[in-house]
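Note: the block below is entry-v4.csv and it holds CSV, C-alpha atoms.
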```csv
chain,number,residue,atom,x,y,z
S,1,MET,CA,0.0,0.0,0.0
S,2,LYS,CA,1.4,3.4,-1.0
S,3,ASN,CA,2.1,6.0,1.6
S,4,GLU,CA,0.3,9.4,1.7
S,5,GLN,CA,3.1,11.2,-0.2
S,6,GLU,CA,3.0,8.7,-3.0
S,7,ARG,CA,-0.8,8.9,-3.3
S,8,ILE,CA,-0.8,12.8,-3.8
S,9,PRO,CA,-0.6,13.7,-7.5
S,10,LYS,CA,2.3,15.9,-8.6
S,11,GLY,CA,0.0,18.7,-9.5
S,12,ASN,CA,-1.4,18.8,-6.0
S,13,GLU,CA,2.1,18.6,-4.5
S,14,VAL,CA,2.8,21.9,-6.3
S,15,LEU,CA,-0.4,23.4,-5.0
S,16,MET,CA,0.3,22.4,-1.5
S,17,GLY,CA,3.8,23.8,-1.7
S,18,ASN,CA,2.4,27.2,-3.0
S,19,SER,CA,-0.2,27.2,-0.3
S,20,GLU,CA,2.4,26.7,2.4
S,21,VAL,CA,4.5,29.5,1.0
S,22,MET,CA,1.4,31.8,0.8
S,23,ASN,CA,0.4,30.9,4.4
S,24,ALA,CA,3.9,31.7,5.6
S,25,LYS,CA,3.9,35.0,3.8
S,26,LEU,CA,0.3,35.8,5.1
S,27,ARG,CA,1.4,34.9,8.6
S,28,ARG,CA,4.4,37.2,8.5
S,29,PHE,CA,2.2,40.0,7.1
S,30,ILE,CA,-0.4,39.5,9.9
S,31,LEU,CA,2.5,39.4,12.5
S,32,MET,CA,4.0,42.7,11.2
S,33,GLY,CA,0.5,44.3,11.2
S,34,THR,CA,-0.1,43.2,14.7
S,35,LEU,CA,3.3,44.6,15.9
S,36,LEU,CA,2.6,47.9,14.2
S,37,TYR,CA,-1.0,48.0,15.7
S,38,THR,CA,0.4,47.2,19.2
S,39,ILE,CA,2.9,50.0,18.9
S,40,LEU,CA,0.0,52.4,18.0
S,41,ILE,CA,-2.0,51.2,21.0
S,42,LEU,CA,1.0,51.7,23.3
S,43,TYR,CA,1.5,55.2,21.9
S,44,PHE,CA,-2.0,56.2,22.8
S,45,MET,CA,-1.7,54.6,26.2
S,46,PHE,CA,1.5,56.3,27.2
S,47,LEU,CA,2.0,59.3,24.9
S,48,GLY,CA,-1.3,60.2,23.2
S,49,PHE,CA,-3.9,62.7,24.4
S,50,SER,CA,-1.2,65.1,25.7
S,51,ARG,CA,-0.1,62.7,28.4
S,52,LEU,CA,3.3,64.4,28.6
S,53,ASP,CA,1.7,67.7,29.4
S,54,HIS,CA,-0.5,66.2,32.1
S,55,ARG,CA,2.5,64.3,33.6
S,56,ILE,CA,4.0,67.5,34.7
S,57,ASN,CA,1.0,68.3,37.0
S,58,ASN,CA,0.9,64.8,38.5
S,59,ASP,CA,2.5,64.3,41.8
S,60,GLN,CA,1.0,61.1,43.1
S,61,TYR,CA,0.1,57.6,41.9
S,62,THR,CA,-3.6,57.0,41.1
S,63,PHE,CA,-5.1,53.6,41.4
S,64,MET,CA,-8.8,53.2,40.9
S,65,PHE,CA,-9.8,49.7,41.9
S,66,VAL,CA,-13.6,50.2,42.1
S,67,PRO,CA,-15.6,50.6,38.9
S,68,GLU,CA,-17.1,54.1,38.6
S,69,GLY,CA,-19.5,53.4,35.8
S,70,VAL,CA,-20.5,50.9,33.2
S,71,PRO,CA,-18.4,49.9,30.1
S,72,LEU,CA,-20.6,51.2,27.3
S,73,ARG,CA,-24.1,52.8,27.2
S,74,PHE,CA,-26.2,53.4,24.1
S,75,PRO,CA,-24.6,55.7,21.5
S,76,LYS,CA,-24.4,59.4,22.4
S,77,LEU,CA,-22.6,62.2,20.6
S,78,THR,CA,-20.2,62.9,23.4
S,79,MET,CA,-16.4,62.5,23.8
S,80,SER,CA,-17.1,60.3,26.9
S,81,TRP,CA,-19.0,57.8,24.8
S,82,SER,CA,-16.4,57.8,22.1
S,83,TYR,CA,-13.7,57.1,24.7
S,84,ASP,CA,-15.7,54.2,26.2
S,85,PHE,CA,-16.4,52.8,22.7
S,86,GLY,CA,-12.7,53.1,21.7
S,87,ASN,CA,-11.6,51.4,24.9
S,88,ILE,CA,-13.5,48.3,23.7
S,89,ALA,CA,-13.2,48.5,19.9
S,90,ALA,CA,-9.4,49.1,20.0
S,91,PHE,CA,-8.8,45.7,21.6
S,92,ILE,CA,-11.1,43.6,19.4
S,93,PRO,CA,-8.3,42.9,16.8
S,94,PHE,CA,-6.1,41.3,19.5
S,95,GLY,CA,-8.8,38.7,20.1
S,96,ILE,CA,-8.7,37.8,16.5
S,97,VAL,CA,-5.0,37.9,15.5
S,98,ILE,CA,-3.5,36.3,18.6
S,99,PRO,CA,-5.3,33.0,18.3
S,100,LEU,CA,-4.9,33.3,14.5
S,101,LEU,CA,-1.1,33.5,14.9
S,102,TYR,CA,-0.8,31.1,17.8
S,103,ARG,CA,-3.0,28.2,18.8
S,104,ILE,CA,-4.3,29.1,22.2
S,105,ARG,CA,-7.3,28.2,24.3
S,106,PHE,CA,-9.8,30.8,25.4
S,107,ARG,CA,-9.0,30.5,29.1
S,108,LYS,CA,-5.3,30.9,28.6
S,109,PHE,CA,-5.8,33.8,26.2
S,110,LEU,CA,-8.0,35.6,28.6
S,111,THR,CA,-5.7,35.1,31.6
S,112,LEU,CA,-2.6,36.3,29.6
S,113,PHE,CA,-4.5,39.3,28.2
S,114,ILE,CA,-5.7,40.4,31.7
S,115,LEU,CA,-2.2,40.1,33.1
S,116,VAL,CA,-0.7,42.1,30.3
S,117,ILE,CA,-3.3,44.9,30.3
S,118,SER,CA,-3.1,45.1,34.1
S,119,PHE,CA,0.7,45.4,33.9
S,120,LEU,CA,0.3,48.3,31.4
S,121,GLU,CA,-2.3,50.0,33.6
S,122,VAL,CA,0.1,49.8,36.5
S,123,LEU,CA,2.9,51.1,34.4
S,124,GLN,CA,0.7,54.0,33.3
S,125,SER,CA,0.2,55.1,36.9
S,126,LEU,CA,3.8,54.6,38.0
S,127,THR,CA,5.1,56.7,35.1
S,128,PHE,CA,2.4,59.4,35.6
S,129,MET,CA,1.3,58.8,32.0
S,130,GLY,CA,-2.2,57.9,33.2
S,131,THR,CA,-4.1,56.2,36.0
S,132,PHE,CA,-4.7,52.6,36.9
S,133,ASP,CA,-8.4,52.3,36.2
S,134,ILE,CA,-10.2,49.0,36.6
S,135,MET,CA,-12.8,50.2,34.2
S,136,ASP,CA,-10.2,50.4,31.4
S,137,ILE,CA,-9.2,46.8,32.2
S,138,ILE,CA,-12.8,45.7,32.0
S,139,SER,CA,-13.5,47.5,28.7
S,140,ASN,CA,-10.2,46.3,27.1
S,141,THR,CA,-11.0,42.7,28.1
S,142,LEU,CA,-14.5,42.9,26.8
S,143,GLY,CA,-13.1,44.0,23.4
S,144,ALA,CA,-10.6,41.1,23.4
S,145,ILE,CA,-13.3,38.6,24.2
S,146,MET,CA,-15.5,40.0,21.4
S,147,GLY,CA,-12.5,39.5,19.0
S,148,PHE,CA,-11.9,35.9,20.2
S,149,VAL,CA,-15.6,35.1,19.6
S,150,GLY,CA,-15.3,36.6,16.1
S,151,TYR,CA,-12.2,34.5,15.5
S,152,ARG,CA,-14.0,31.3,16.5
S,153,VAL,CA,-16.9,32.1,14.2
S,154,GLY,CA,-15.1,33.2,11.1
S,155,PHE,CA,-11.4,32.4,11.3
S,156,SER,CA,-10.9,29.2,13.3
S,157,SER,CA,-11.4,26.9,10.2
S,158,GLU,CA,-11.8,27.4,6.5
S,159,ILE,CA,-12.3,31.1,5.9
S,160,THR,CA,-15.3,32.0,3.6
S,161,PHE,CA,-17.1,35.2,2.9
S,162,LYS,CA,-20.2,34.0,4.8
S,163,LYS,CA,-18.1,33.2,7.9
S,164,LEU,CA,-16.5,36.6,7.8
S,165,VAL,CA,-19.9,38.2,7.7
S,166,ALA,CA,-21.0,36.0,10.5
S,167,SER,CA,-17.9,37.0,12.5
S,168,ALA,CA,-18.6,40.7,12.0
S,169,VAL,CA,-22.3,40.2,13.0
S,170,SER,CA,-21.4,38.3,16.1
S,171,ILE,CA,-19.0,41.1,17.2
S,172,LEU,CA,-21.7,43.7,16.5
S,173,MET,CA,-24.3,41.7,18.5
S,174,LEU,CA,-21.9,41.4,21.4
S,175,ILE,CA,-21.3,45.2,21.4
S,176,VAL,CA,-25.1,45.8,21.4
S,177,GLY,CA,-25.4,43.2,24.2
S,178,VAL,CA,-22.8,45.1,26.3
S,179,MET,CA,-24.8,48.3,25.8
S,180,VAL,CA,-28.0,46.6,26.9
S,181,VAL,CA,-26.4,45.2,30.0
S,182,SER,CA,-24.7,48.5,30.8
S,183,GLU,CA,-27.9,50.5,30.4
S,184,THR,CA,-29.7,48.0,32.7
S,185,ILE,CA,-27.1,48.2,35.4
S,186,ASP,CA,-27.0,52.0,35.1
S,187,TYR,CA,-30.8,52.2,35.4
S,188,GLY,CA,-30.7,49.9,38.5
S,189,VAL,CA,-28.1,52.1,40.1
S,190,HIS,CA,-29.6,55.5,39.4
S,191,VAL,CA,-33.4,54.9,39.3
S,192,ASN,CA,-33.9,55.6,43.0
S,193,GLU,CA,-31.1,58.1,43.5
S,194,ARG,CA,-32.0,61.4,45.2
S,195,ILE,CA,-30.4,64.7,45.8
S,196,GLY,CA,-29.3,65.2,49.4
S,197,PRO,CA,-29.7,68.4,51.3
S,198,VAL,CA,-27.9,71.5,50.1
S,199,GLN,CA,-24.8,72.3,52.2
S,200,ALA,CA,-22.8,75.5,52.3
S,201,LEU,CA,-19.3,75.0,50.8
S,202,ASN,CA,-17.7,76.8,53.7
S,203,GLU,CA,-18.8,74.0,56.0
S,204,ALA,CA,-15.9,72.0,54.5
S,205,ASN,CA,-12.3,72.5,55.6
S,206,THR,CA,-10.9,75.7,54.3
S,207,THR,CA,-7.3,77.1,54.4
S,208,MET,CA,-8.5,80.6,53.6
S,209,PRO,CA,-10.7,83.0,55.7
S,210,ILE,CA,-14.2,83.5,54.5
S,211,THR,CA,-16.5,86.5,54.5
S,212,ASN,CA,-19.1,86.4,57.2
S,213,SER,CA,-21.0,89.6,56.4
S,214,PHE,CA,-24.2,88.8,54.6
S,215,SER,CA,-25.3,92.3,53.7
S,216,THR,CA,-28.2,92.7,51.2
S,217,PHE,CA,-27.4,94.2,47.8
S,218,THR,CA,-28.9,94.4,44.3
S,219,VAL,CA,-27.7,92.9,41.0
S,220,GLU,CA,-29.6,93.7,37.8
S,221,ASP,CA,-32.3,95.3,40.0
S,222,GLU,CA,-32.8,92.0,41.9
S,223,ALA,CA,-32.4,92.1,45.6
S,224,VAL,CA,-29.9,89.6,46.9
S,225,GLN,CA,-29.8,88.2,50.4
S,226,PRO,CA,-27.1,85.5,50.7
S,227,LYS,CA,-28.2,82.5,52.7
S,228,PHE,CA,-25.0,80.4,53.1
S,229,ASN,CA,-22.0,82.6,52.4
S,230,LEU,CA,-20.7,85.7,50.7
S,231,PHE,CA,-17.2,86.1,49.2
S,232,GLY,CA,-15.5,89.3,47.9
S,233,SER,CA,-12.3,91.2,47.7
S,234,SER,CA,-11.2,93.5,50.5
S,235,ASP,CA,-10.2,97.1,49.8
S,236,GLY,CA,-9.4,96.3,46.2
S,237,ILE,CA,-7.1,93.5,47.2
S,238,ASP,CA,-7.7,90.2,45.4
S,239,LYS,CA,-8.9,87.3,47.6
S,240,GLU,CA,-8.6,83.6,47.2
S,241,TYR,CA,-10.8,81.0,49.0
S,242,LEU,CA,-9.7,77.4,49.0
S,243,PHE,CA,-12.0,74.5,50.1
S,244,ASN,CA,-10.9,70.9,50.4
S,245,LEU,CA,-13.8,68.5,49.6
S,246,GLY,CA,-12.7,65.1,48.5
S,247,LYS,CA,-16.2,64.2,47.4
S,248,LYS,CA,-17.8,63.0,44.1
S,249,ASN,CA,-21.4,62.8,42.7
S,250,LEU,CA,-22.0,66.4,43.6
S,251,TRP,CA,-24.2,69.2,42.4
S,252,LEU,CA,-22.3,72.5,42.7
S,253,TYR,CA,-24.2,75.8,43.0
S,254,ALA,CA,-22.8,79.4,42.9
S,255,ASN,CA,-24.0,82.9,42.2
S,256,TYR,CA,-21.6,85.6,41.2
S,257,GLY,CA,-21.6,89.1,39.7
S,258,ILE,CA,-21.0,92.8,40.4
S,259,PRO,CA,-23.6,94.7,42.5
S,260,ASP,CA,-25.6,97.6,41.1
S,261,GLY,CA,-24.4,101.1,42.1
S,262,GLU,CA,-20.7,100.0,42.1
S,263,GLU,CA,-18.1,100.5,39.5
S,264,TYR,CA,-18.4,97.7,37.0
S,265,LYS,CA,-14.9,96.4,37.7
S,266,GLY,CA,-13.8,92.9,38.9
S,267,SER,CA,-13.7,89.2,38.2
S,268,VAL,CA,-14.6,85.8,39.6
S,269,THR,CA,-12.7,82.6,38.8
S,270,ILE,CA,-13.8,79.2,40.1
S,271,MET,CA,-11.2,76.5,39.9
S,272,ILE,CA,-11.9,72.8,40.3
S,273,ASN,CA,-9.0,70.4,41.2
S,274,GLY,CA,-6.5,73.1,40.3
S,275,GLU,CA,-7.9,73.8,36.8
S,276,GLU,CA,-10.0,76.8,35.8
S,277,PHE,CA,-13.7,75.8,35.5
S,278,THR,CA,-15.5,79.0,34.9
S,279,GLN,CA,-14.7,82.8,34.9
S,280,PHE,CA,-16.7,86.0,35.0
S,281,THR,CA,-15.0,89.3,34.3
S,282,ASP,CA,-16.0,92.9,33.8
S,283,GLN,CA,-15.5,92.3,30.1
S,284,ASP,CA,-18.8,90.4,30.1
S,285,LYS,CA,-21.0,93.4,29.3
S,286,ASP,CA,-24.1,91.4,28.7
S,287,SER,CA,-24.7,90.5,32.3
S,288,ARG,CA,-23.8,91.6,35.8
S,289,MET,CA,-24.8,88.3,37.4
S,290,MET,CA,-24.2,84.6,36.6
S,291,LYS,CA,-25.6,81.5,38.2
S,292,LEU,CA,-23.8,78.2,38.2
S,293,LYS,CA,-25.4,74.8,38.6
S,294,THR,CA,-23.3,71.8,37.5
S,295,PHE,CA,-23.1,68.1,38.3
S,296,PHE,CA,-19.8,66.4,38.8
S,297,ASP,CA,-19.7,62.6,38.8
S,298,SER,CA,-15.9,62.5,39.3
S,299,GLU,CA,-14.2,63.5,42.5
S,300,ILE,CA,-13.9,67.1,43.4
S,301,LYS,CA,-10.7,67.3,45.5
S,302,ASP,CA,-10.8,71.0,46.1
S,303,VAL,CA,-12.6,74.2,45.0
S,304,LYS,CA,-10.8,77.6,44.8
S,305,ILE,CA,-12.6,80.9,44.4
S,306,ILE,CA,-10.7,84.0,43.3
S,307,VAL,CA,-12.4,87.3,43.6
S,308,THR,CA,-11.1,90.7,42.4
S,309,GLY,CA,-12.4,94.3,42.3
S,310,ASN,CA,-16.1,94.8,43.1
S,311,ALA,CA,-17.2,91.3,42.2
S,312,LYS,CA,-19.0,89.1,44.7
S,313,VAL,CA,-19.7,85.4,45.0
S,314,TRP,CA,-22.5,84.1,47.2
S,315,ASP,CA,-24.4,81.0,48.2
S,316,VAL,CA,-21.7,78.6,47.0
S,317,SER,CA,-23.0,75.2,48.0
S,318,ILE,CA,-23.1,71.5,47.2
S,319,ALA,CA,-25.6,68.7,47.2
S,320,GLU,CA,-24.6,65.1,47.2
S,321,ILE,CA,-26.3,62.4,45.2
S,322,LYS,CA,-27.6,59.6,47.4
S,323,HIS,CA,-28.4,56.1,46.0
S,324,TRP,CA,-31.0,53.7,47.3
S,325,TRP,CA,-28.4,51.7,49.3
S,326,GLU,CA,-27.2,54.8,51.1
```

Would you encode the structure as structure tokens?
Amino acid sequence: MKNEQERIPKGNEVLMGNSEVMNAKLRRFILMGTLLYTILILYFMFLGFSRLDHRINNDQYTFMFVPEGVPLRFPKLTMSWSYDFGNIAAFIPFGIVIPLLYRIRFRKFLTLFILVISFLEVLQSLTFMGTFDIMDIISNTLGAIMGFVGYRVGFSSEITFKKLVASAVSILMLIVGVMVVSETIDYGVHVNERIGPVQALNEANTTMPITNSFSTFTVEDEAVQPKFNLFGSSDGIDKEYLFNLGKKNLWLYANYGIPDGEEYKGSVTIMINGEEFTQFTDQDKDSRMMKLKTFFDSEIKDVKIIVTGNAKVWDVSIAEIKHWWE
């Protein structure tokens, strides 16, 4: 009985040889593409989004071990949604090409991926090029899982056009599934949340003196009687008021402007976590008074109020969001 090599016609031997050469070339091409894509991902993780500029202002390591949200909600035209989507979509290719290049079982692939991405997150924090964020690890891992499912559907055996379509559809369905689960979780968390009592900002620790005189004045013919606090400059000297909070999920309220009957000269700057958040100056001719009402889901470490000239700031206060389990 002839062996297998003798039973293969010569024409087929040539085809098999060409196929092996093509597969080797294709594998090298995929490997090079994967390396270039990995370099691109590492660039965005460590150098992109002006990380070098932010690194100068960092003076402590940041590790976020508790998820602060959900991986991906329904599409919204916001930078936040685009960032969340990118955190998932950018890692889908790794779930396809890694098992395509190296035979690896799902459990081993998932374990190695989590270890590598966790190491990169730690490295981001230690080099001040970012923060260790458990949400990033969850999102990146979800993307890799989606890619692996797509690989099993369309790439694990003979590749056909139908299988490629089925692979793309399976990944799309998984993305929609993540959205549905995320929306369900978000609804369950926020459906019974309520706004807590309004609290004066000066009830928090402050390293600067505060104004205690709550005199009545008018702004744009509206009588103003501060209830919580009143901040202003003193004898034309600029004043700074710093409040340490260390709270998140807050509504922040403030009123500021230049009283009637006084020279229209002065400014108000409100800084959050060391960065300018809003400013009012005497160049704003359209209005003598502004009202601020803003929600912050991230942590507010500190609030600084800078007042110059005749400007005044009053009733600066916060209200915490309380959930059903609180």

Notebook entry, point to check: Expressed in Å to a single decimal, how great is the separation between atom CA of Tyr253 of chain S and atom CA of Ile185 of chain S?
Noted result: 28.8 Å

Please write as a PDB file with C-alpha atoms, in the coordinates of the input the list of polymer residues whose atoms come within 12 Å of (-14.2, 89.6, 45.5), counting all atoms listed in the file and keeping to the coordinates of the file.
```
ATOM      1  CA  ILE S 210     -14.200  83.500  54.500  1.00  0.00           C
ATOM      2  CA  THR S 211     -16.500  86.500  54.500  1.00  0.00           C
ATOM      3  CA  LEU S 230     -20.700  85.700  50.700  1.00  0.00           C
ATOM      4  CA  PHE S 231     -17.200  86.100  49.200  1.00  0.00           C
ATOM      5  CA  GLY S 232     -15.500  89.300  47.900  1.00  0.00           C
ATOM      6  CA  SER S 233     -12.300  91.200  47.700  1.00  0.00           C
ATOM      7  CA  SER S 234     -11.200  93.500  50.500  1.00  0.00           C
ATOM      8  CA  ASP S 235     -10.200  97.100  49.800  1.00  0.00           C
ATOM      9  CA  GLY S 236      -9.400  96.300  46.200  1.00  0.00           C
ATOM     10  CA  ILE S 237      -7.100  93.500  47.200  1.00  0.00           C
ATOM     11  CA  ASP S 238      -7.700  90.200  45.400  1.00  0.00           C
ATOM     12  CA  LYS S 239      -8.900  87.300  47.600  1.00  0.00           C
ATOM     13  CA  GLU S 240      -8.600  83.600  47.200  1.00  0.00           C
ATOM     14  CA  TYR S 241     -10.800  81.000  49.000  1.00  0.00           C
ATOM     15  CA  TYR S 256     -21.600  85.600  41.200  1.00  0.00           C
ATOM     16  CA  GLY S 257     -21.600  89.100  39.700  1.00  0.00           C
ATOM     17  CA  ILE S 258     -21.000  92.800  40.400  1.00  0.00           C
ATOM     18  CA  PRO S 259     -23.600  94.700  42.500  1.00  0.00           C
ATOM     19  CA  LYS S 265     -14.900  96.400  37.700  1.00  0.00           C
ATOM     20  CA  GLY S 266     -13.800  92.900  38.900  1.00  0.00           C
ATOM     21  CA  SER S 267     -13.700  89.200  38.200  1.00  0.00           C
ATOM     22  CA  VAL S 268     -14.600  85.800  39.600  1.00  0.00           C
ATOM     23  CA  THR S 269     -12.700  82.600  38.800  1.00  0.00           C
ATOM     24  CA  ILE S 270     -13.800  79.200  40.100  1.00  0.00           C
ATOM     25  CA  PHE S 280     -16.700  86.000  35.000  1.00  0.00           C
ATOM     26  CA  THR S 281     -15.000  89.300  34.300  1.00  0.00           C
ATOM     27  CA  ILE S 305     -12.600  80.900  44.400  1.00  0.00           C
ATOM     28  CA  ILE S 306     -10.700  84.000  43.300  1.00  0.00           C
ATOM     29  CA  VAL S 307     -12.400  87.300  43.600  1.00  0.00           C
ATOM     30  CA  THR S 308     -11.100  90.700  42.400  1.00  0.00           C
ATOM     31  CA  GLY S 309     -12.400  94.300  42.300  1.00  0.00           C
ATOM     32  CA  ASN S 310     -16.100  94.800  43.100  1.00  0.00           C
ATOM     33  CA  ALA S 311     -17.200  91.300  42.200  1.00  0.00           C
ATOM     34  CA  LYS S 312     -19.000  89.100  44.700  1.00  0.00           C
ATOM     35  CA  VAL S 313     -19.700  85.400  45.000  1.00  0.00           C
ATOM     36  CA  TRP S 314     -22.500  84.100  47.200  1.00  0.00           C
TER      37      TRP S 314
END
```

Checklist line | Exercise: segment 191-196 of chain S partners within 9 Å, all atoms listed in the file, chain neighbours under 2 positions left out, as a ChimeraX atom specification | finding: /S:186-189,198-199,250-251,319-324

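Using all atoms listed in the file, the nearest neighbour of Val149 of chain S within the list S:Phe113, S:Tyr102, S:Phe94, S:Tyr83 is S:Phe94.
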
Item checked: Nearest to Phe29 of chain S by atom-to-atom distance, counting all atoms listed in the file, from S:Val169, S:Glu68, S:Leu101, S:Thr131 -> S:Leu101

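Our summary of the geometry notes that atom CA of Leu112 of chain S is positioned 28.7 Å from atom CA of Arg55 of chain S.
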
Notebook entry, point to check: At what distance in Å, to one decimal, does atom CA of Gln124 of chain S lie from atom CA of Glu299 of chain S?
Noted result: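 Those two atoms sit 19.9 Å apart.
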
Note to self: For a quick check of understanding, using all atoms listed in the file, which of S:Asn229, S:Leu36, S:Lys163, S:Arg152 has the smallest distance to Thr216 of chain S?
What the structure shows: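 Selected residue with least distance to Thr216 of chain S: S:Asn229.
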
Margin query: So that I can see what lies close to Phe228 of chain S, please list as a PyMOL selection string the residues with an atom at most 8 Å from it, counting all atoms listed in the file and leaving out residues fewer than 2 positions away in the same chain.
Written below: chain S and resi 200+226+230+314-317

Next item on the list: Can you work out which one of S:Met135, S:Leu126, S:Leu72, S:Val116 has the shortest atom-to-atom distance to Met179 of chain S, counting only C-alpha atoms?
Entry: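 Among the listed residues, the smallest separation from Met179 of chain S belongs to S:Leu72.
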
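Between Phe132 of chain S and the candidates S:Thr294, S:Thr184, S:Ser167, S:Gln60, the tightest atom-to-atom separation, counting all atoms listed in the file, involves S:Gln60.
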
Next item on the list: Could you tell me which of S:Phe74, S:Phe296, S:Phe148, S:Phe46 comes closest to Val178 of chain S if we count only C-alpha atoms?
Entry: S:Phe74

Next item on the list: Please provide as a list in words all residues within 12 Å of Leu142 of chain S, with the sequence filter that same-chain residues fewer than 6 positions apart are discarded (counting only C-alpha atoms).
Entry: Val70, Pro71, Leu72, Asp84, Phe85, Gly86, Asn87, Ile88, Ala89, Ala90, Phe91, Ile92, Pro93, Phe94, Gly95, Leu110, Phe113, Ile114, Ile117, Met135, Asp136, Phe148, Val149, Ile171, Leu174, Ile175, Gly177, Val178 and Met179 of chain S

Could you save those same residues with C-alpha atoms as a PDB file, keeping the file's coordinate frame?
```pdb
ATOM      1  CA  VAL S  70     -20.500  50.900  33.200  1.00  0.00           C
ATOM      2  CA  PRO S  71     -18.400  49.900  30.100  1.00  0.00           C
ATOM      3  CA  LEU S  72     -20.600  51.200  27.300  1.00  0.00           C
ATOM      4  CA  ASP S  84     -15.700  54.200  26.200  1.00  0.00           C
ATOM      5  CA  PHE S  85     -16.400  52.800  22.700  1.00  0.00           C
ATOM      6  CA  GLY S  86     -12.700  53.100  21.700  1.00  0.00           C
ATOM      7  CA  ASN S  87     -11.600  51.400  24.900  1.00  0.00           C
ATOM      8  CA  ILE S  88     -13.500  48.300  23.700  1.00  0.00           C
ATOM      9  CA  ALA S  89     -13.200  48.500  19.900  1.00  0.00           C
ATOM     10  CA  ALA S  90      -9.400  49.100  20.000  1.00  0.00           C
ATOM     11  CA  PHE S  91      -8.800  45.700  21.600  1.00  0.00           C
ATOM     12  CA  ILE S  92     -11.100  43.600  19.400  1.00  0.00           C
ATOM     13  CA  PRO S  93      -8.300  42.900  16.800  1.00  0.00           C
ATOM     14  CA  PHE S  94      -6.100  41.300  19.500  1.00  0.00           C
ATOM     15  CA  GLY S  95      -8.800  38.700  20.100  1.00  0.00           C
ATOM     16  CA  LEU S 110      -8.000  35.600  28.600  1.00  0.00           C
ATOM     17  CA  PHE S 113      -4.500  39.300  28.200  1.00  0.00           C
ATOM     18  CA  ILE S 114      -5.700  40.400  31.700  1.00  0.00           C
ATOM     19  CA  ILE S 117      -3.300  44.900  30.300  1.00  0.00           C
ATOM     20  CA  MET S 135     -12.800  50.200  34.200  1.00  0.00           C
ATOM     21  CA  ASP S 136     -10.200  50.400  31.400  1.00  0.00           C
ATOM     22  CA  PHE S 148     -11.900  35.900  20.200  1.00  0.00           C
ATOM     23  CA  VAL S 149     -15.600  35.100  19.600  1.00  0.00           C
ATOM     24  CA  ILE S 171     -19.000  41.100  17.200  1.00  0.00           C
ATOM     25  CA  LEU S 174     -21.900  41.400  21.400  1.00  0.00           C
ATOM     26  CA  ILE S 175     -21.300  45.200  21.400  1.00  0.00           C
ATOM     27  CA  GLY S 177     -25.400  43.200  24.200  1.00  0.00           C
ATOM     28  CA  VAL S 178     -22.800  45.100  26.300  1.00  0.00           C
ATOM     29  CA  MET S 179     -24.800  48.300  25.800  1.00  0.00           C
TER      30      MET S 179
END
```
